[in-house]
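start_20.csv follows (CSV, C-alpha atoms):
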```
chain,number,residue,atom,x,y,z
A,1,MET,CA,33.9,-27.1,9.8
A,2,LEU,CA,36.4,-26.8,6.9
A,3,GLY,CA,39.1,-25.0,8.8
A,4,PHE,CA,39.1,-27.5,11.6
A,5,SER,CA,39.2,-30.5,9.2
A,6,ALA,CA,42.2,-29.0,7.3
A,7,ALA,CA,44.0,-28.2,10.6
A,8,ARG,CA,43.3,-31.6,11.9
A,9,ARG,CA,44.7,-33.3,8.8
A,10,THR,CA,47.8,-31.2,8.9
A,11,LEU,CA,48.5,-31.9,12.5
A,12,ARG,CA,47.9,-35.6,12.0
A,13,LEU,CA,50.4,-35.6,9.1
A,14,ALA,CA,52.9,-33.7,11.3
A,15,ALA,CA,52.5,-36.3,14.1
A,16,PHE,CA,52.8,-39.2,11.7
A,17,GLY,CA,55.9,-37.7,10.1
A,18,ALA,CA,57.5,-37.2,13.5
A,19,LEU,CA,56.7,-40.8,14.5
A,20,CYS,CA,58.1,-42.1,11.2
A,21,ALA,CA,61.3,-40.1,11.9
A,22,PHE,CA,61.5,-41.7,15.3
A,23,SER,CA,61.2,-45.2,13.8
A,24,LEU,CA,63.6,-44.4,10.9
A,25,ALA,CA,66.3,-43.0,13.1
A,26,SER,CA,66.2,-46.1,15.3
A,27,THR,CA,67.1,-48.5,12.4
A,28,PRO,CA,70.7,-49.9,12.3
A,29,ALA,CA,71.2,-48.4,8.8
A,30,PHE,CA,70.6,-44.9,10.0
A,31,ALA,CA,72.4,-45.4,13.3
A,32,GLU,CA,75.6,-46.4,11.3
A,33,LYS,CA,75.4,-43.2,9.3
A,34,THR,CA,74.8,-40.8,12.2
A,35,ASP,CA,77.8,-38.5,12.6
A,36,GLU,CA,78.6,-36.4,15.7
A,37,ALA,CA,76.1,-33.7,14.5
A,38,ASN,CA,73.4,-36.5,14.5
A,39,ASP,CA,72.1,-35.4,11.1
A,40,PRO,CA,71.5,-38.7,9.3
A,41,ILE,CA,69.1,-37.3,6.7
A,42,GLU,CA,71.3,-34.2,5.9
A,43,PRO,CA,70.5,-34.2,2.1
A,44,PHE,CA,66.8,-34.0,2.8
A,45,ASN,CA,67.3,-31.5,5.6
A,46,ARG,CA,69.5,-29.3,3.3
A,47,ALA,CA,66.9,-29.4,0.6
A,48,MET,CA,64.1,-28.4,3.0
A,49,PHE,CA,66.4,-25.7,4.5
A,50,ASP,CA,66.9,-24.2,1.1
A,51,PHE,CA,63.2,-24.4,0.4
A,52,ASN,CA,62.3,-22.7,3.7
A,53,MET,CA,64.9,-20.0,3.2
A,54,ALA,CA,63.7,-19.2,-0.3
A,55,ILE,CA,60.2,-18.6,1.2
A,56,ASP,CA,61.6,-16.7,4.1
A,57,ARG,CA,63.6,-14.3,1.8
A,58,ALA,CA,60.7,-13.8,-0.5
A,59,ALA,CA,57.9,-13.3,2.0
A,60,LEU,CA,58.5,-13.8,5.7
A,61,ALA,CA,61.6,-11.7,6.3
A,62,PRO,CA,60.4,-8.7,4.2
A,63,VAL,CA,57.1,-8.7,6.1
A,64,ALA,CA,58.9,-9.0,9.5
A,65,ARG,CA,61.3,-6.2,8.5
A,66,GLY,CA,58.4,-3.9,7.5
A,67,TYR,CA,56.6,-4.7,10.7
A,68,ARG,CA,59.8,-3.9,12.7
A,69,ASP,CA,60.6,-0.7,10.9
A,70,TYR,CA,57.1,0.8,10.5
A,71,THR,CA,55.2,-0.4,13.5
A,72,PRO,CA,55.7,1.9,16.6
A,73,ASP,CA,57.8,0.2,19.2
A,74,PRO,CA,55.2,0.5,22.0
A,75,LEU,CA,52.6,-1.2,19.8
A,76,GLN,CA,55.1,-4.0,18.9
A,77,LYS,CA,55.8,-4.6,22.6
A,78,GLY,CA,52.2,-4.6,23.5
A,79,ILE,CA,51.3,-7.2,20.8
A,80,HIS,CA,54.2,-9.3,21.9
A,81,ASN,CA,53.0,-9.1,25.5
A,82,VAL,CA,49.5,-10.1,24.5
A,83,LEU,CA,50.8,-13.2,22.6
A,84,VAL,CA,52.9,-14.2,25.5
A,85,ASN,CA,50.0,-13.9,27.9
A,86,LEU,CA,47.8,-16.0,25.6
A,87,ARG,CA,50.3,-18.8,25.8
A,88,ALA,CA,50.1,-19.0,29.6
A,89,PRO,CA,47.8,-22.1,29.7
A,90,ILE,CA,50.5,-24.0,27.7
A,91,ASP,CA,53.3,-22.7,30.0
A,92,LEU,CA,51.2,-23.7,33.0
A,93,LEU,CA,50.4,-27.2,31.7
A,94,ASN,CA,54.0,-28.0,31.0
A,95,THR,CA,55.4,-26.6,34.3
A,96,LEU,CA,52.9,-28.9,36.1
A,97,LEU,CA,53.8,-31.9,33.9
A,98,GLN,CA,57.4,-31.3,34.9
A,99,GLY,CA,56.5,-31.2,38.5
A,100,ASP,CA,57.8,-27.7,39.0
A,101,PHE,CA,55.0,-26.2,41.1
A,102,ASP,CA,56.9,-23.1,42.1
A,103,ARG,CA,57.2,-22.0,38.5
A,104,SER,CA,53.5,-23.1,37.9
A,105,LEU,CA,52.5,-20.6,40.6
A,106,ILE,CA,54.5,-17.9,38.9
A,107,VAL,CA,52.7,-18.6,35.6
A,108,VAL,CA,49.3,-18.2,37.3
A,109,LYS,CA,50.4,-15.0,39.1
A,110,ARG,CA,51.7,-13.5,35.9
A,111,PHE,CA,48.6,-14.4,33.9
A,112,VAL,CA,46.2,-12.9,36.6
A,113,VAL,CA,48.3,-9.7,37.0
A,114,ASN,CA,48.8,-9.1,33.3
A,115,SER,CA,45.2,-9.9,32.3
A,116,THR,CA,44.0,-7.4,34.9
A,117,ALA,CA,46.5,-4.7,35.7
A,118,GLY,CA,48.2,-5.3,32.4
A,119,ILE,CA,45.1,-4.6,30.4
A,120,GLY,CA,44.6,-8.0,28.9
A,121,GLY,CA,48.3,-8.6,28.6
A,122,LEU,CA,49.3,-5.4,26.7
A,123,ILE,CA,51.6,-4.4,29.6
A,124,ASP,CA,53.8,-6.9,31.4
A,125,ALA,CA,52.7,-5.6,34.7
A,126,ALA,CA,53.9,-8.8,36.4
A,127,ALA,CA,57.5,-7.9,35.6
A,128,GLU,CA,57.3,-5.1,38.1
A,129,THR,CA,57.0,-7.8,40.8
A,130,GLY,CA,60.1,-9.6,39.6
A,131,ASP,CA,58.2,-12.6,38.2
A,132,GLU,CA,59.8,-13.5,34.9
A,133,ARG,CA,58.0,-15.5,32.2
A,134,GLN,CA,58.3,-19.3,32.6
A,135,LYS,CA,58.3,-20.3,28.9
A,136,GLU,CA,57.6,-24.0,28.6
A,137,ASP,CA,56.4,-26.3,25.8
A,138,PHE,CA,55.7,-30.1,25.6
A,139,GLY,CA,59.0,-30.7,23.8
A,140,GLN,CA,60.8,-29.4,26.9
A,141,THR,CA,58.6,-31.5,29.1
A,142,LEU,CA,59.6,-34.6,27.1
A,143,ALA,CA,63.2,-33.6,27.5
A,144,VAL,CA,62.7,-33.4,31.2
A,145,TRP,CA,61.2,-36.8,31.1
A,146,GLY,CA,64.3,-38.2,29.4
A,147,ALA,CA,63.4,-38.1,25.7
A,148,GLN,CA,66.4,-37.4,23.5
A,149,GLY,CA,66.3,-34.6,20.9
A,150,ASN,CA,67.7,-36.5,17.9
A,151,PRO,CA,67.9,-36.7,15.0
A,152,TYR,CA,67.9,-33.2,13.6
A,153,ILE,CA,65.0,-32.6,11.1
A,154,VAL,CA,64.1,-29.7,8.9
A,155,TRP,CA,60.4,-29.8,8.1
A,156,PRO,CA,59.1,-27.9,5.1
A,157,LEU,CA,57.6,-24.6,6.2
A,158,LEU,CA,57.8,-25.5,9.9
A,159,GLY,CA,61.6,-25.3,10.1
A,160,PRO,CA,64.3,-27.0,12.1
A,161,SER,CA,63.2,-29.5,14.8
A,162,ASN,CA,63.6,-33.1,15.9
A,163,PRO,CA,61.1,-35.9,16.5
A,164,ARG,CA,60.7,-35.0,20.2
A,165,ASP,CA,60.0,-31.4,19.6
A,166,SER,CA,57.8,-32.2,16.5
A,167,ILE,CA,55.5,-34.3,18.7
A,168,GLY,CA,55.7,-31.7,21.4
A,169,GLY,CA,54.5,-29.0,19.0
A,170,VAL,CA,51.5,-31.0,18.0
A,171,VAL,CA,50.6,-31.6,21.7
A,172,ASP,CA,51.0,-27.8,22.4
A,173,VAL,CA,48.5,-27.0,19.6
A,174,PHE,CA,45.9,-29.4,21.0
A,175,SER,CA,46.5,-28.3,24.6
A,176,ASP,CA,45.8,-24.6,23.8
A,177,PRO,CA,42.3,-23.6,24.9
A,178,LEU,CA,42.2,-20.9,22.3
A,179,PHE,CA,42.7,-23.4,19.5
A,180,TRP,CA,39.6,-25.3,20.6
A,181,MET,CA,37.7,-22.0,21.0
A,182,GLY,CA,38.6,-21.0,17.5
A,183,MET,CA,37.6,-24.3,16.0
A,184,ASN,CA,34.5,-25.0,17.9
A,185,SER,CA,33.0,-21.6,19.0
A,186,GLY,CA,29.8,-20.6,17.5
A,187,TRP,CA,31.1,-17.1,17.0
A,188,ASP,CA,31.9,-16.4,13.3
A,189,MET,CA,35.0,-14.4,14.1
A,190,ALA,CA,36.6,-17.0,16.4
A,191,GLU,CA,38.4,-19.0,13.7
A,192,PRO,CA,39.6,-15.9,11.7
A,193,LEU,CA,41.0,-14.5,15.0
A,194,MET,CA,42.7,-17.7,15.8
A,195,TRP,CA,44.5,-17.8,12.4
A,196,THR,CA,45.3,-14.1,12.7
A,197,ARG,CA,46.9,-14.7,16.1
A,198,ALA,CA,49.0,-17.5,14.5
A,199,GLY,CA,50.2,-15.3,11.7
A,200,ILE,CA,51.1,-12.4,14.0
A,201,SER,CA,53.0,-14.8,16.3
A,202,ILE,CA,55.1,-16.0,13.3
A,203,ILE,CA,56.0,-12.4,12.5
A,204,ASP,CA,56.6,-11.5,16.1
A,205,ASN,CA,59.1,-14.4,16.5
A,206,ARG,CA,60.8,-13.6,13.2
A,207,VAL,CA,61.6,-10.0,14.0
A,208,PRO,CA,64.3,-10.6,16.7
A,209,LEU,CA,66.0,-13.0,14.3
A,210,LEU,CA,66.4,-10.5,11.4
A,211,ASP,CA,69.8,-9.1,12.3
A,212,PRO,CA,71.3,-12.2,14.0
A,213,LEU,CA,70.5,-14.5,11.0
A,214,GLU,CA,71.7,-12.0,8.5
A,215,GLU,CA,75.0,-11.8,10.4
A,216,LEU,CA,75.2,-15.6,10.7
A,217,GLU,CA,74.7,-16.0,7.0
A,218,ARG,CA,77.3,-13.3,6.2
A,219,THR,CA,80.0,-14.7,8.5
A,220,SER,CA,79.4,-18.5,8.2
A,221,VAL,CA,81.2,-20.8,5.8
A,222,ASP,CA,78.2,-23.1,5.7
A,223,PHE,CA,74.9,-21.4,6.6
A,224,TYR,CA,73.0,-24.6,7.0
A,225,VAL,CA,75.5,-26.0,9.6
A,226,ALA,CA,75.7,-22.6,11.4
A,227,VAL,CA,71.9,-22.6,11.7
A,228,ARG,CA,71.8,-26.2,12.8
A,229,ASP,CA,74.3,-25.5,15.6
A,230,TYR,CA,72.5,-22.3,16.6
A,231,VAL,CA,69.1,-24.0,16.8
A,232,ARG,CA,70.5,-26.9,19.0
A,233,GLN,CA,72.3,-24.5,21.3
A,234,GLN,CA,69.2,-22.4,21.8
A,235,ARG,CA,67.0,-25.4,22.4
A,236,MET,CA,69.4,-26.6,25.1
A,237,LEU,CA,69.1,-23.3,26.8
A,238,ASP,CA,65.3,-23.7,26.6
A,239,ILE,CA,65.5,-27.0,28.4
A,240,MET,CA,67.9,-25.6,30.9
A,241,ASN,CA,65.5,-22.7,31.5
A,242,ARG,CA,68.2,-20.2,30.9
A,243,SER,CA,67.0,-16.6,30.6
A,244,SER,CA,66.9,-14.6,27.3
A,245,ALA,CA,69.9,-12.6,28.6
A,246,ASP,CA,72.0,-15.7,28.2
A,247,ARG,CA,71.1,-16.0,24.5
A,248,PRO,CA,72.6,-14.4,21.4
A,249,GLY,CA,70.1,-12.2,19.5
A,250,GLU,CA,67.4,-10.1,21.1
A,251,GLY,CA,64.6,-10.8,23.4
A,252,GLU,CA,62.6,-14.1,23.4
A,253,GLY,CA,62.2,-14.6,19.7
A,254,TYR,CA,65.5,-16.4,19.3
A,255,ARG,CA,64.1,-19.7,17.9
A,256,PHE,CA,64.6,-20.1,14.2
A,257,SER,CA,61.3,-21.6,13.2
A,258,PHE,CA,58.4,-20.9,10.9
A,259,THR,CA,55.9,-21.8,13.6
A,260,PRO,CA,54.5,-19.6,16.3
A,261,GLN,CA,56.7,-19.6,19.4
A,262,SER,CA,55.7,-16.5,21.4
```
Output the file's structure as structure tokens, nothing else.
Amino acid sequence: MLGFSAARRTLRLAAFGALCAFSLASTPAFAEKTDEANDPIEPFNRAMFDFNMAIDRAALAPVARGYRDYTPDPLQKGIHNVLVNLRAPIDLLNTLLQGDFDRSLIVVKRFVVNSTAGIGGLIDAAAETGDERQKEDFGQTLAVWGAQGNPYIVWPLLGPSNPRDSIGGVVDVFSDPLFWMGMNSGWDMAEPLMWTRAGISIIDNRVPLLDPLEELERTSVDFYVAVRDYVRQQRMLDIMNRSSADRPGEGEGYRFSFTPQS
């Protein structure tokens, strides 16, 4: 299948690039150049940041702004809830890998309640019971296992990351049952629906960042450095399992990335 082959090649390149970055960052030459921000490839990162922001300003941000302004709020919330519910298998796998079985149980309970009483996830019915979403990914799991999140990397199109989270992102894709259903199902609509979900997820995650990023760009002396610090701070909150109420910005879509994070 053409779509699967293209996706597989892309993911292999992403994994290879992340592994190369691991190796590169471990060399003495790069270790000597690493400053307290741990951004040894800053010229490359700045170039990729400018490239990504140009695409964001030209396409992604306007689409996200139109979606926010013209889509009814209940529909936006329902779509967000469905996307969150569909990621439950990834949340479950990573809570299990982290040995946090209490939170694993919450993930299962939320998925069952929201998939039934919540009408396929449109309504966060599980929130009524006080069970908050346990948002986990394999990058967080690697951090729990002791992997360090350095150095800072800005991937073209994919956005800010680091080798640990880059590898984690690839694992998350391959551990998503809906990815394999989309690529291997005999249903003709399976793959288009999979890519539609990915596209909507990107927009859903970009919407809560519209105002915070505009304010950050307006008030910062160096927008690149401000975003780098912002991303690292938010990722640390991820790993510490801090709630969205502890974060600047709105809701759960705080991560500055061009990849789906719902």
Distance criterion (all atoms listed in the file): nearest to Val207 in chain A out of A:Asn38, A:Thr71, A:Asn52, A:Ser161: A:Thr71
Range 111-122 of chain A environment, 9 Å, only C-alpha atoms, sequence neighbours closer than 3 positions dropped, as JSON, numbers by chain: {"A": [75, 77, 78, 79, 80, 81, 82, 83, 84, 85, 86, 88, 89, 106, 107, 108, 125, 126]}
Shell of 8 Å around range 53-67 of chain A, all atoms listed in the file, local chain residues under 4 positions omitted, as an MDAnalysis selection string: chainID A and resid 49 71 203:204 206:207 210
Point-to-point distance in Å for CA of Val173 in chain A and CA of Glu42 in chain A: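 About the pair CA of Glu42 in chain A and CA of Val173 in chain A: they are 27.6 Å apart.
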Point-to-point distance from CA of Lys109 in chain A to CA of Leu97 in chain A, Å rounded to tenths: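 Atom-to-atom, CA of Lys109 in chain A and CA of Leu97 in chain A are spaced 18.0 Å apart.
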Would you kindly place N, CA and C atoms on range 81-112 of chain A and return the model as a CSV table (one decimal), in the coordinates of the input?
```csv
chain,number,residue,atom,x,y,z
A,81,ASN,N,53.5,-8.8,24.2
A,81,ASN,CA,53.0,-9.1,25.5
A,81,ASN,C,51.7,-9.9,25.5
A,82,VAL,N,50.8,-9.5,24.6
A,82,VAL,CA,49.5,-10.1,24.5
A,82,VAL,C,49.7,-11.6,24.1
A,83,LEU,N,50.5,-11.8,23.1
A,83,LEU,CA,50.8,-13.2,22.6
A,83,LEU,C,51.4,-14.0,23.7
A,84,VAL,N,52.3,-13.5,24.4
A,84,VAL,CA,52.9,-14.2,25.5
A,84,VAL,C,51.9,-14.6,26.6
A,85,ASN,N,51.0,-13.6,26.9
A,85,ASN,CA,50.0,-13.9,27.9
A,85,ASN,C,49.0,-14.9,27.5
A,86,LEU,N,48.7,-15.0,26.2
A,86,LEU,CA,47.8,-16.0,25.6
A,86,LEU,C,48.3,-17.4,25.7
A,87,ARG,N,49.6,-17.5,25.8
A,87,ARG,CA,50.3,-18.8,25.8
A,87,ARG,C,50.4,-19.3,27.3
A,88,ALA,N,49.9,-18.6,28.2
A,88,ALA,CA,50.1,-19.0,29.6
A,88,ALA,C,49.5,-20.4,29.9
A,89,PRO,N,48.3,-20.8,29.4
A,89,PRO,CA,47.8,-22.1,29.7
A,89,PRO,C,48.8,-23.2,29.2
A,90,ILE,N,49.5,-23.0,28.1
A,90,ILE,CA,50.5,-24.0,27.7
A,90,ILE,C,51.7,-24.0,28.6
A,91,ASP,N,52.2,-22.8,29.0
A,91,ASP,CA,53.3,-22.7,30.0
A,91,ASP,C,52.9,-23.4,31.3
A,92,LEU,N,51.6,-23.2,31.8
A,92,LEU,CA,51.2,-23.7,33.0
A,92,LEU,C,51.1,-25.3,32.9
A,93,LEU,N,50.5,-25.8,31.9
A,93,LEU,CA,50.4,-27.2,31.7
A,93,LEU,C,51.8,-27.9,31.8
A,94,ASN,N,52.7,-27.3,31.1
A,94,ASN,CA,54.0,-28.0,31.0
A,94,ASN,C,54.9,-27.8,32.3
A,95,THR,N,54.7,-26.7,33.0
A,95,THR,CA,55.4,-26.6,34.3
A,95,THR,C,54.8,-27.7,35.3
A,96,LEU,N,53.5,-27.9,35.2
A,96,LEU,CA,52.9,-28.9,36.1
A,96,LEU,C,53.3,-30.3,35.7
A,97,LEU,N,53.4,-30.6,34.4
A,97,LEU,CA,53.8,-31.9,33.9
A,97,LEU,C,55.3,-32.2,34.3
A,98,GLN,N,56.0,-31.1,34.5
A,98,GLN,CA,57.4,-31.3,34.9
A,98,GLN,C,57.6,-31.3,36.4
A,99,GLY,N,56.5,-31.1,37.1
A,99,GLY,CA,56.5,-31.2,38.5
A,99,GLY,C,57.1,-30.0,39.2
A,100,ASP,N,57.2,-28.9,38.4
A,100,ASP,CA,57.8,-27.7,39.0
A,100,ASP,C,56.7,-26.7,39.4
A,101,PHE,N,56.2,-26.9,40.6
A,101,PHE,CA,55.0,-26.2,41.1
A,101,PHE,C,55.3,-24.8,41.5
A,102,ASP,N,56.5,-24.5,41.8
A,102,ASP,CA,56.9,-23.1,42.1
A,102,ASP,C,56.8,-22.2,40.8
A,103,ARG,N,57.2,-22.8,39.7
A,103,ARG,CA,57.2,-22.0,38.5
A,103,ARG,C,55.7,-22.0,38.0
A,104,SER,N,54.9,-23.1,38.3
A,104,SER,CA,53.5,-23.1,37.9
A,104,SER,C,52.8,-21.9,38.6
A,105,LEU,N,53.1,-21.7,39.8
A,105,LEU,CA,52.5,-20.6,40.6
A,105,LEU,C,52.9,-19.2,40.0
A,106,ILE,N,54.1,-19.1,39.5
A,106,ILE,CA,54.5,-17.9,38.9
A,106,ILE,C,53.7,-17.6,37.6
A,107,VAL,N,53.5,-18.7,36.8
A,107,VAL,CA,52.7,-18.6,35.6
A,107,VAL,C,51.3,-18.1,35.9
A,108,VAL,N,50.7,-18.7,36.9
A,108,VAL,CA,49.3,-18.2,37.3
A,108,VAL,C,49.3,-16.8,37.7
A,109,LYS,N,50.3,-16.4,38.6
A,109,LYS,CA,50.4,-15.0,39.1
A,109,LYS,C,50.5,-14.1,37.9
A,110,ARG,N,51.4,-14.4,37.0
A,110,ARG,CA,51.7,-13.5,35.9
A,110,ARG,C,50.4,-13.3,35.0
A,111,PHE,N,49.7,-14.4,34.8
A,111,PHE,CA,48.6,-14.4,33.9
A,111,PHE,C,47.5,-13.5,34.6
A,112,VAL,N,47.3,-13.7,35.9
A,112,VAL,CA,46.2,-12.9,36.6
A,112,VAL,C,46.6,-11.4,36.6
```
